[in-house]
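Q: Here's a structure for you.
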There are 2 protein chains.
Amino acid sequence: MAVIYRVNMSDLSVRREQPSQQYQQLGGRALTSAIVADEVPATCHPLSAENKLVIAPGMLTGTGAPCSGRLSAGAKSPLTGTIKESNAGGQAPVALATAGVKAIVLEGKPADGKLYRLIVNSEGVKIEPADALAGLGNYDTVARLFKEFGQQVCCISIGQAGEMRAAAASIAVSDIEGRPTRHCGRGGLGAVMGAKGVKAIVVDPAGGRRPKPTDAEAFKKGAQKFSAALKKHPVTGEGLPEFGTNVLANVINAAGAYPTRNFSQGQFEGTEAISGERQHDVIIERGGKIAHACHRGCTIKCSRIYVDKNGQYVTKGPEYETIWAHGADCGIDDLDAIARMDRMDDDLGLDTIEAGATIGVAMEAGIIPFGDADGAIGLLEEVAKGTPLGRLVASGAEVLGKAYGIERVPTVKGQAMPAYDPRAAMGIGVTYATSTMGADHTAGYAITANILGVGGKVDPLKPEGQVELSRNLQIATAAIDWAGVCLFVSFAVLDDPSAMEGLCEMLGGLAGRPFTADDFLAVGKQTLMREREFNTAAGFTAAADRLPDFFKTEKLAPHNATFTVPDEELDKVYDFAD
Amino acid sequence: MAVIYRVNMSDLSVRREQPSQQYQQLGGRALTSAIVADEVPATCHPLSAENKLVIAPGMLTGTGAPCSGRLSAGAKSPLTGTIKESNAGGQAPVALATAGVKAIVLEGKPADGKLYRLIVNSEGVKIEPADALAGLGNYDTVARLFKEFGQQVCCISIGQAGEMRAAAASIAVSDIEGRPTRHCGRGGLGAVMGAKGVKAIVVDPAGGRRPKPTDAEAFKKGAQKFSAALKKHPVTGEGLPEFGTNVLANVINAAGAYPTRNFSQGQFEGTEAISGERQHDVIIERGGKIAHACHRGCTIKCSRIYVDKNGQYVTKGPEYETIWAHGADCGIDDLDAIARMDRMDDDLGLDTIEAGATIGVAMEAGIIPFGDADGAIGLLEEVAKGTPLGRLVASGAEVLGKAYGIERVPTVKGQAMPAYDPRAAMGIGVTYATSTMGADHTAGYAITANILGVGGKVDPLKPEGQVELSRNLQIATAAIDWAGVCLFVSFAVLDDPSAMEGLCEMLGGLAGRPFTADDFLAVGKQTLMREREFNTAAGFTAAADRLPDFFKTEKLAPHNATFTVPDEELDKVYDFAD
């Protein structure tokens, strides 16, 4: 049975623990949130020894279920002060599951302030000094580790931002090519890893074995059904492999929900130049790669490899939200500059959404003008140098906005909004406002019914139906994050009953008992309530479940829309407790 | 009857308003908090047009009551997010009362982002452009205004920090000599004034007349009794005039409650060099001035004029908390350097407590070493330049601590603790934790019974009795801040029944009806409950009524004390609603 490793960074000890009956049924976000809620004092300082960083593969991760290679990281967030889970793909999730790891719990804090690395395999976890890695970006860090440990391992690491304990620091997970391109980006979990003094976790799956479903036949049947549904759906079967996540740029821009220049307009005149279609052509022309998987076992392949004019590797993707953050939100329409910033973010270990949104606020503050790509790159260079300006950029939009006395700061609970303006897609606004995670599109991706016509239709410009839409998606997403499947399977799950059937059959096959859609949603509800209780204990009330006022007062072109979902409605999102 | 001026900075209009029956009975903090609670949306952005900055003299201000020249400023705080009142002495309070001003309410926000000045006299309020004052410190600002308007006016102004809308920005009030030395320091109200585009308020009392008590005889009798009590008490009659507020340095250091090097020790080896006694000798030797009043009508005279080796004016005081913040808290024992920083703070328009505490955190972060006076001065120079580091210093300890990933940040609700370590004076710890204002010693100055033996004795190192002590002081203080008398009258009020009698007789004489101590405390209770309700609506819960964890876990030398008042006890502070 998979075990939980308690890694105490105060006394540098490791304890191997059999998961409780309850924890055995949990994985991914459900497990990270349960451990954090059960064990971390809600009012503790996120960088203190009392906080815990929990890393856990999903329930299905490693079983061979399609698109199930997700890794959840959870802790009390230095960015938001809430409970936080952020998940990523890459190779480490399956490797951890193969090494028999249910979760790694980083506890305490080294008294000497030094850096360490963890070596994880099926035998256990070793803590080793890692001062030699101090100050390195993620690219150099993993390059050294792969050189030392071989290509069969995977790396989970932090860059300079995490070492600086910056509130926008991410945790990088290495991909198939051994590059640190997949990130648990949101909420500053890299800062928690930095505070624990852990620079990198090397996961070696050799000698381990993949988790085996109890009912292999039922599992296999479900996996085939699930896989077929993913292939059949136009988003997961065609759009995402062909154009990547950035297929959304033109779509969201056309809907007038593409936040431009720090959320001052809903359409960007430079969208064409940074669209998924253009990105596709550039990549093909230069000999990069489209339809690239972020981990083995992914059938959607939304990632890509972006290369420069000479065909040399620059970065993965970049993803839609990254291109938006460093692009439209900053008035920048230069795809190469954006790709360079994506690479810098990945190397620094910085959430691309928060980094771009913060630069957007820096532009609002007049530090550099909107549209200044060189200036934006310069701001990221400051992060690596650890200058005061770099610290501000790495601390996120809210802190930079406060330091510069800026009112128009697009955050909820201290976290920057991603690439969808809540005035022109009110369902996502409900998610931003009420998610247990702060402004987070992945917590309840209402763009589906608001704009994409997936899972029904809800008029994005009217308040009606948004709360129900967001609530249902938040519940389903929490369950998806438990299962450890990629959120993108939702497109198929929402539209095609056979996808949900396949998913339940896999989960039932894994456990060796019948598993229904209601069982699935029950896990989501339970996770959300647990997270919500933590936040309440941490001091969050309905007053924090609100968008900044300017979304209610400033009209967004071209629809002249404001966010009009009433506060009383927002307060009903969690009215689902049984 | 005194009137309320509504100054709308959005459309640059002024409306003269008769106060409601309810507001007629209010003044000072009770009035600022009532208007803010009644009119400002609790969840609005503090720098938005929705916030209001209310400036109001106290009930007794201008009546000739001894030590009654206090001016309250109130708003939603950019530093804490709570309701906020901060009061100061100086000449403007009496001048405003004389000009028939009950309150000035700054509303809205100029669309053009330009700077304005207000000219206030008994005729009304005029709004004039003030771009010529942009970028000036308070000293230059008021010098220009006095030159233009003559020495009979008073000035209320902001420096560069307020213009930058920095969260630690203060509002300066000019003193008897026409210097901007008295500040509504705490909570960043200068940033709200800056966001309103108001650089300065010129108050001309000429042509006005002082408020007249309804029962002049009763009032006079009360004033004499009150004055006699102030003269008789050793603190207000001797200690404060002779040694100023900094008489506390040796006392608090001896008690082991003098926070040293960012609250890491309770005694500072350099205390003697920065003590009130030493300060007294230096001032006398150099031909400065002790026993100096901050406004006409003050009989305590705790201020002083600090001069350099050549006898040239440097700054007022400095006060105990300032000398601590820039001194012991930063490991600095150079009185001249501290005086220079006090002058810089006053000129920049920066809260000296927040500025010093922020530099202490900067030292903890390793930006400069503890004890580096030149480095500390350099950090304040950055503020004037508006550099990223300067912005951080002007944003307060919490923001700088977050940007540098520091766990040991001594704040409550985002506001830095002042000069008393809550582990060695637990009563003040209760006030820090539970005050409606964030960490604020003046909100309930439990040092009285904890250390000074004034108003009874409560062992500072034991949790027992601290909640009751702090509660009673918080109630009494809110009433004192309504009356507009200097908080230092409390020493006499707590020890000598005739002081309270005199105060009530003055208040009764003013209103022309009997006024009891219970009436007095009722105003305090009502004010606190109103403030508390605002904070609750703004999203504050019991979770915010806590000290940072390190005060509960790190032992403070020399007593090896931790803060041990239980959370459940802290939650009883407001159990006084009738």
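All residue names refer to the structure tokens as shown: chains lettered A, B, ... in order, residues numbered from 1 in each chain, ligands numbered from 1 in order.
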What residues in chain A have any atom no more than 7 Å from chain B when counting only C-alpha atoms, and can you write them as a PDB file with N, CA and C atoms, in the first residue's frame?
A:
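iface_31.pdb, written as the output of this step:
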```pdb
ATOM      1  N   THR A  43      -4.344  29.923  11.419  1.00  0.00           N
ATOM      2  CA  THR A  43      -3.848  31.300  11.517  1.00  0.00           C
ATOM      3  C   THR A  43      -2.324  31.382  11.527  1.00  0.00           C
ATOM      4  N   CYS A  44      -1.647  30.279  11.281  1.00  0.00           N
ATOM      5  CA  CYS A  44      -0.177  30.319  11.320  1.00  0.00           C
ATOM      6  C   CYS A  44       0.379  31.129  10.163  1.00  0.00           C
ATOM      7  N   HIS A  45       1.622  31.557  10.301  1.00  0.00           N
ATOM      8  CA  HIS A  45       2.299  32.241   9.201  1.00  0.00           C
ATOM      9  C   HIS A  45       2.636  31.196   8.137  1.00  0.00           C
ATOM     10  N   LEU A  47       4.951  30.921   6.133  1.00  0.00           N
ATOM     11  CA  LEU A  47       6.368  30.579   6.013  1.00  0.00           C
ATOM     12  C   LEU A  47       6.922  29.965   7.297  1.00  0.00           C
ATOM     13  N   SER A  48       6.052  29.704   8.256  1.00  0.00           N
ATOM     14  CA  SER A  48       6.515  29.215   9.551  1.00  0.00           C
ATOM     15  C   SER A  48       6.698  27.708   9.551  1.00  0.00           C
ATOM     16  N   MET A 164      13.708  32.711  -2.424  1.00  0.00           N
ATOM     17  CA  MET A 164      13.442  34.026  -1.829  1.00  0.00           C
ATOM     18  C   MET A 164      12.151  34.026  -1.008  1.00  0.00           C
ATOM     19  N   ARG A 165      11.467  32.889  -1.002  1.00  0.00           N
ATOM     20  CA  ARG A 165      10.178  32.768  -0.320  1.00  0.00           C
ATOM     21  C   ARG A 165       9.188  33.826  -0.836  1.00  0.00           C
ATOM     22  N   ALA A 166       9.232  34.019  -2.159  1.00  0.00           N
ATOM     23  CA  ALA A 166       8.368  35.010  -2.797  1.00  0.00           C
ATOM     24  C   ALA A 166       6.955  34.442  -2.952  1.00  0.00           C
ATOM     25  N   PRO A 388      14.961  45.045  -4.786  1.00  0.00           N
ATOM     26  CA  PRO A 388      13.650  45.387  -4.219  1.00  0.00           C
ATOM     27  C   PRO A 388      12.542  45.331  -5.268  1.00  0.00           C
ATOM     28  N   LEU A 389      12.806  45.825  -6.468  1.00  0.00           N
ATOM     29  CA  LEU A 389      11.792  45.768  -7.514  1.00  0.00           C
ATOM     30  C   LEU A 389      11.494  44.318  -7.896  1.00  0.00           C
ATOM     31  N   ARG A 391      11.811  41.742  -5.947  1.00  0.00           N
ATOM     32  CA  ARG A 391      11.026  41.164  -4.839  1.00  0.00           C
ATOM     33  C   ARG A 391       9.559  41.528  -4.987  1.00  0.00           C
ATOM     34  N   LEU A 392       9.307  42.762  -5.370  1.00  0.00           N
ATOM     35  CA  LEU A 392       7.916  43.191  -5.543  1.00  0.00           C
ATOM     36  C   LEU A 392       7.251  42.418  -6.664  1.00  0.00           C
ATOM     37  N   SER A 395       6.334  39.056  -5.636  1.00  0.00           N
ATOM     38  CA  SER A 395       5.374  38.988  -4.522  1.00  0.00           C
ATOM     39  C   SER A 395       3.935  39.065  -4.988  1.00  0.00           C
ATOM     40  N   VAL A 399       0.631  42.836  -3.630  1.00  0.00           N
ATOM     41  CA  VAL A 399       1.700  43.509  -2.881  1.00  0.00           C
ATOM     42  C   VAL A 399       2.292  44.649  -3.699  1.00  0.00           C
ATOM     43  N   ALA A 403       2.262  48.585  -2.662  1.00  0.00           N
ATOM     44  CA  ALA A 403       3.478  49.393  -2.533  1.00  0.00           C
ATOM     45  C   ALA A 403       3.427  50.641  -3.418  1.00  0.00           C
ATOM     46  N   TYR A 404       2.697  50.554  -4.516  1.00  0.00           N
ATOM     47  CA  TYR A 404       2.617  51.703  -5.420  1.00  0.00           C
ATOM     48  C   TYR A 404       1.275  52.440  -5.317  1.00  0.00           C
ATOM     49  N   GLY A 405       0.487  52.113  -4.312  1.00  0.00           N
ATOM     50  CA  GLY A 405      -0.752  52.865  -4.083  1.00  0.00           C
ATOM     51  C   GLY A 405      -1.738  52.774  -5.226  1.00  0.00           C
ATOM     52  N   GLU A 407      -5.129  51.409  -7.039  1.00  0.00           N
ATOM     53  CA  GLU A 407      -6.458  50.909  -6.679  1.00  0.00           C
ATOM     54  C   GLU A 407      -6.907  49.783  -7.613  1.00  0.00           C
ATOM     55  N   ALA A 537     -11.692  29.369   9.535  1.00  0.00           N
ATOM     56  CA  ALA A 537     -10.852  29.403  10.741  1.00  0.00           C
ATOM     57  C   ALA A 537      -9.680  30.368  10.568  1.00  0.00           C
ATOM     58  N   ALA A 538      -9.235  30.537   9.323  1.00  0.00           N
ATOM     59  CA  ALA A 538      -8.139  31.477   9.055  1.00  0.00           C
ATOM     60  C   ALA A 538      -8.618  32.921   9.054  1.00  0.00           C
ATOM     61  N   GLY A 539      -9.930  33.117   9.142  1.00  0.00           N
ATOM     62  CA  GLY A 539     -10.452  34.476   9.259  1.00  0.00           C
ATOM     63  C   GLY A 539     -11.146  35.000   8.018  1.00  0.00           C
ATOM     64  N   PHE A 540     -11.411  34.134   7.049  1.00  0.00           N
ATOM     65  CA  PHE A 540     -12.087  34.605   5.835  1.00  0.00           C
ATOM     66  C   PHE A 540     -13.594  34.552   6.003  1.00  0.00           C
ATOM     67  N   THR A 541     -14.252  35.618   5.579  1.00  0.00           N
ATOM     68  CA  THR A 541     -15.710  35.703   5.652  1.00  0.00           C
ATOM     69  C   THR A 541     -16.245  36.009   4.261  1.00  0.00           C
ATOM     70  N   ALA A 543     -17.060  38.687   3.181  1.00  0.00           N
ATOM     71  CA  ALA A 543     -16.465  39.936   2.683  1.00  0.00           C
ATOM     72  C   ALA A 543     -15.288  39.665   1.753  1.00  0.00           C
ATOM     73  N   ALA A 544     -14.653  38.509   1.914  1.00  0.00           N
ATOM     74  CA  ALA A 544     -13.529  38.157   1.036  1.00  0.00           C
ATOM     75  C   ALA A 544     -13.994  37.469  -0.239  1.00  0.00           C
ATOM     76  N   ASP A 549     -14.027  46.290  -6.336  1.00  0.00           N
ATOM     77  CA  ASP A 549     -15.147  47.155  -6.719  1.00  0.00           C
ATOM     78  C   ASP A 549     -15.122  47.586  -8.179  1.00  0.00           C
TER      79      ASP A 549
END
```
Q: In stretch 88-270 of chain B, what's strand (DSSP E or B) per DSSP? Answer as an MDAnalysis selection string?
A: chainID B and resid 88 101:107 116:121 124:129 154:157 169 171:173 182:184 198:203 260 265
Q: Could the residues in this selection be saved with C-alpha atoms as a short mmCIF file (atom, residue, chain, number, x, y, z; two decimals), in the first residue's frame?
A:
```
data_model
loop_
_atom_site.label_atom_id
_atom_site.label_comp_id
_atom_site.auth_asym_id
_atom_site.auth_seq_id
_atom_site.Cartn_x
_atom_site.Cartn_y
_atom_site.Cartn_z
CA ALA B 88 -2.70 64.61 16.69
CA VAL B 101 -15.94 73.31 11.74
CA LYS B 102 -17.46 70.18 13.22
CA ALA B 103 -15.85 68.02 10.55
CA ILE B 104 -14.41 68.11 7.07
CA VAL B 105 -15.32 65.06 5.00
CA LEU B 106 -13.13 64.46 1.95
CA GLU B 107 -15.08 62.38 -0.55
CA TYR B 116 -5.37 70.48 -4.62
CA ARG B 117 -5.38 72.49 -1.43
CA LEU B 118 -8.30 73.48 0.74
CA ILE B 119 -8.63 76.89 2.32
CA VAL B 120 -10.84 76.75 5.38
CA ASN B 121 -12.15 79.65 7.41
CA GLY B 124 -16.45 78.03 4.30
CA VAL B 125 -14.06 75.85 2.34
CA LYS B 126 -12.42 76.66 -0.98
CA ILE B 127 -10.71 74.15 -3.25
CA GLU B 128 -7.70 75.43 -5.18
CA PRO B 129 -5.15 73.75 -7.46
CA CYS B 154 -2.42 76.42 10.52
CA CYS B 155 -1.64 73.67 8.08
CA ILE B 156 -2.69 70.08 7.72
CA SER B 157 -0.60 68.46 5.01
CA ALA B 169 1.83 57.83 5.22
CA ILE B 171 -1.08 63.55 8.02
CA ALA B 172 0.95 66.41 9.45
CA VAL B 173 -0.46 69.18 11.62
CA ARG B 182 2.43 66.77 14.93
CA HIS B 183 1.09 63.81 13.01
CA CYS B 184 -1.96 61.65 12.69
CA VAL B 198 -5.49 66.96 -1.23
CA LYS B 199 -1.93 68.07 -0.52
CA ALA B 200 -2.77 70.55 2.22
CA ILE B 201 -5.56 72.13 4.21
CA VAL B 202 -4.97 75.69 5.33
CA VAL B 203 -7.07 76.63 8.33
CA THR B 260 15.11 45.35 20.68
CA GLN B 265 15.13 40.91 23.00
#
```
Q: If you count only C-alpha atoms, which residues fall within 12 Å of A:Ile252, apart from same-chain ones fewer than 6 positions away, as a list in words?
A: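 Here the answer would be Thr245, Asn246, Tyr258, Pro259, Thr260, Gly266, Gln267, Phe268, Thr271, Glu272, Ser275, Gly276, Tyr320, Glu321, Trp324, Ala328, Ala419, Tyr420, Asp421, Pro422, Ala424, Ala425, Ile447, Thr448, Asn450, Ile451, Leu452 and Pro460 of chain A.
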Q: Tell me, as a ChimeraX atom specification, which residues lie within 8 Å of stretch 62-74 of chain A, counting only C-alpha atoms; anything in the same chain fewer than 5 positions away does not count.
A: /A:28-29,32-33,36,53-57,83-95,97-98,184,189,210-213,223,226-227,295,297-300,481,483-486,489,506
Q: Have a look at A:Val307, A:Cys330, A:Leu380, A:Leu230 and name the one nearest to A:Asp496; count only C-alpha atoms.
A: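 With only C-alpha atoms as the atom set, the closest residue is A:Leu230.
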Q: Residues within 8 Å of A:Asp333, please, as a PyMOL selection string. Count only C-alpha atoms; anything in the same chain fewer than 5 positions from it doesn't count.
A: chain A and resi 270-271+273-274+327-328+371
Q: Using backbone DSSP assignments, extract all helix (DSSP H, G or I) residues from stretch 224-291 of chain B; output them as a PDB file with C-alpha atoms, in the first residue's frame.
A:
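Result file selection_29.pdb:
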```pdb
ATOM      1  CA  GLN B 224      -9.836  74.442  37.123  1.00  0.00           C
ATOM      2  CA  LYS B 225     -10.307  71.124  38.876  1.00  0.00           C
ATOM      3  CA  PHE B 226      -8.987  69.269  35.835  1.00  0.00           C
ATOM      4  CA  SER B 227      -6.002  71.569  35.462  1.00  0.00           C
ATOM      5  CA  ALA B 228      -5.099  71.219  39.115  1.00  0.00           C
ATOM      6  CA  ALA B 229      -5.224  67.435  38.880  1.00  0.00           C
ATOM      7  CA  LEU B 230      -2.932  67.455  35.848  1.00  0.00           C
ATOM      8  CA  LYS B 231      -0.449  69.671  37.649  1.00  0.00           C
ATOM      9  CA  LYS B 232      -0.559  67.534  40.770  1.00  0.00           C
ATOM     10  CA  PRO B 234       3.739  63.198  39.037  1.00  0.00           C
ATOM     11  CA  VAL B 235       3.569  62.020  35.420  1.00  0.00           C
ATOM     12  CA  THR B 236       1.700  64.966  33.895  1.00  0.00           C
ATOM     13  CA  GLY B 237       2.993  67.522  36.386  1.00  0.00           C
ATOM     14  CA  GLU B 238       6.666  66.549  36.454  1.00  0.00           C
ATOM     15  CA  GLY B 239       7.828  63.553  34.413  1.00  0.00           C
ATOM     16  CA  LEU B 240       6.419  64.547  31.044  1.00  0.00           C
ATOM     17  CA  PRO B 241       7.373  68.248  31.111  1.00  0.00           C
ATOM     18  CA  GLU B 242      10.878  67.514  32.407  1.00  0.00           C
ATOM     19  CA  PHE B 243      11.850  64.479  30.349  1.00  0.00           C
ATOM     20  CA  THR B 245       7.575  60.931  26.646  1.00  0.00           C
ATOM     21  CA  ASN B 246      11.013  59.387  26.347  1.00  0.00           C
ATOM     22  CA  VAL B 247      11.163  59.270  30.126  1.00  0.00           C
ATOM     23  CA  LEU B 248       9.782  55.810  29.428  1.00  0.00           C
ATOM     24  CA  ALA B 249      12.920  54.426  27.756  1.00  0.00           C
ATOM     25  CA  ASN B 250      14.732  53.510  30.967  1.00  0.00           C
ATOM     26  CA  VAL B 251      11.506  52.426  32.645  1.00  0.00           C
ATOM     27  CA  ILE B 252      10.368  50.085  29.882  1.00  0.00           C
ATOM     28  CA  ASN B 253      13.898  48.790  29.376  1.00  0.00           C
ATOM     29  CA  ALA B 254      14.176  48.038  33.089  1.00  0.00           C
ATOM     30  CA  THR B 271      19.201  52.460  26.164  1.00  0.00           C
ATOM     31  CA  GLU B 272      21.123  54.885  28.324  1.00  0.00           C
ATOM     32  CA  ALA B 273      22.423  56.724  25.238  1.00  0.00           C
ATOM     33  CA  ILE B 274      18.902  57.262  23.896  1.00  0.00           C
ATOM     34  CA  GLY B 276      14.798  60.607  28.091  1.00  0.00           C
ATOM     35  CA  GLU B 277      17.318  61.658  30.733  1.00  0.00           C
ATOM     36  CA  ARG B 278      20.136  61.759  28.186  1.00  0.00           C
ATOM     37  CA  GLN B 279      17.903  63.473  25.664  1.00  0.00           C
ATOM     38  CA  HIS B 280      17.072  66.080  28.347  1.00  0.00           C
ATOM     39  CA  ASP B 281      20.733  66.770  29.031  1.00  0.00           C
ATOM     40  CA  VAL B 282      21.658  66.986  25.361  1.00  0.00           C
ATOM     41  CA  ILE B 283      18.831  69.416  24.674  1.00  0.00           C
ATOM     42  CA  ILE B 284      19.718  71.600  27.664  1.00  0.00           C
ATOM     43  CA  GLU B 285      23.440  71.570  26.848  1.00  0.00           C
ATOM     44  CA  ARG B 286      22.840  72.557  23.234  1.00  0.00           C
TER      45      ARG B 286
END
```
Q: What lies within 8 Å of A:Val565 using only C-alpha atoms, ignoring chain neighbours under 5 positions off, as number ranges by chain?
A: A: 426, 430, 462-464, 466, 570
Q: Which neighbours of B:Phe551 fall inside 8 Å, counting only C-alpha atoms, when residues of the same chain fewer than 4 positions from it are skipped, and could you give them as JSON, numbers by chain?
A: {"B": [422, 423, 547, 555, 562, 563]}
Q: Using only C-alpha atoms, can you tell me which of A:Ala337, A:Ile4, A:Ile305, A:Ala130 comes closest to A:Ala291?
A: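 The shortest atom-to-atom distance to A:Ala291 comes from A:Ile305.
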Q: One decimal, in Å: what's the spacing between atom CA of A:Lys196 and atom CA of A:Leu12?
A: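 So the two atoms, atom CA of A:Lys196 and atom CA of A:Leu12, lie 10.6 Å apart.
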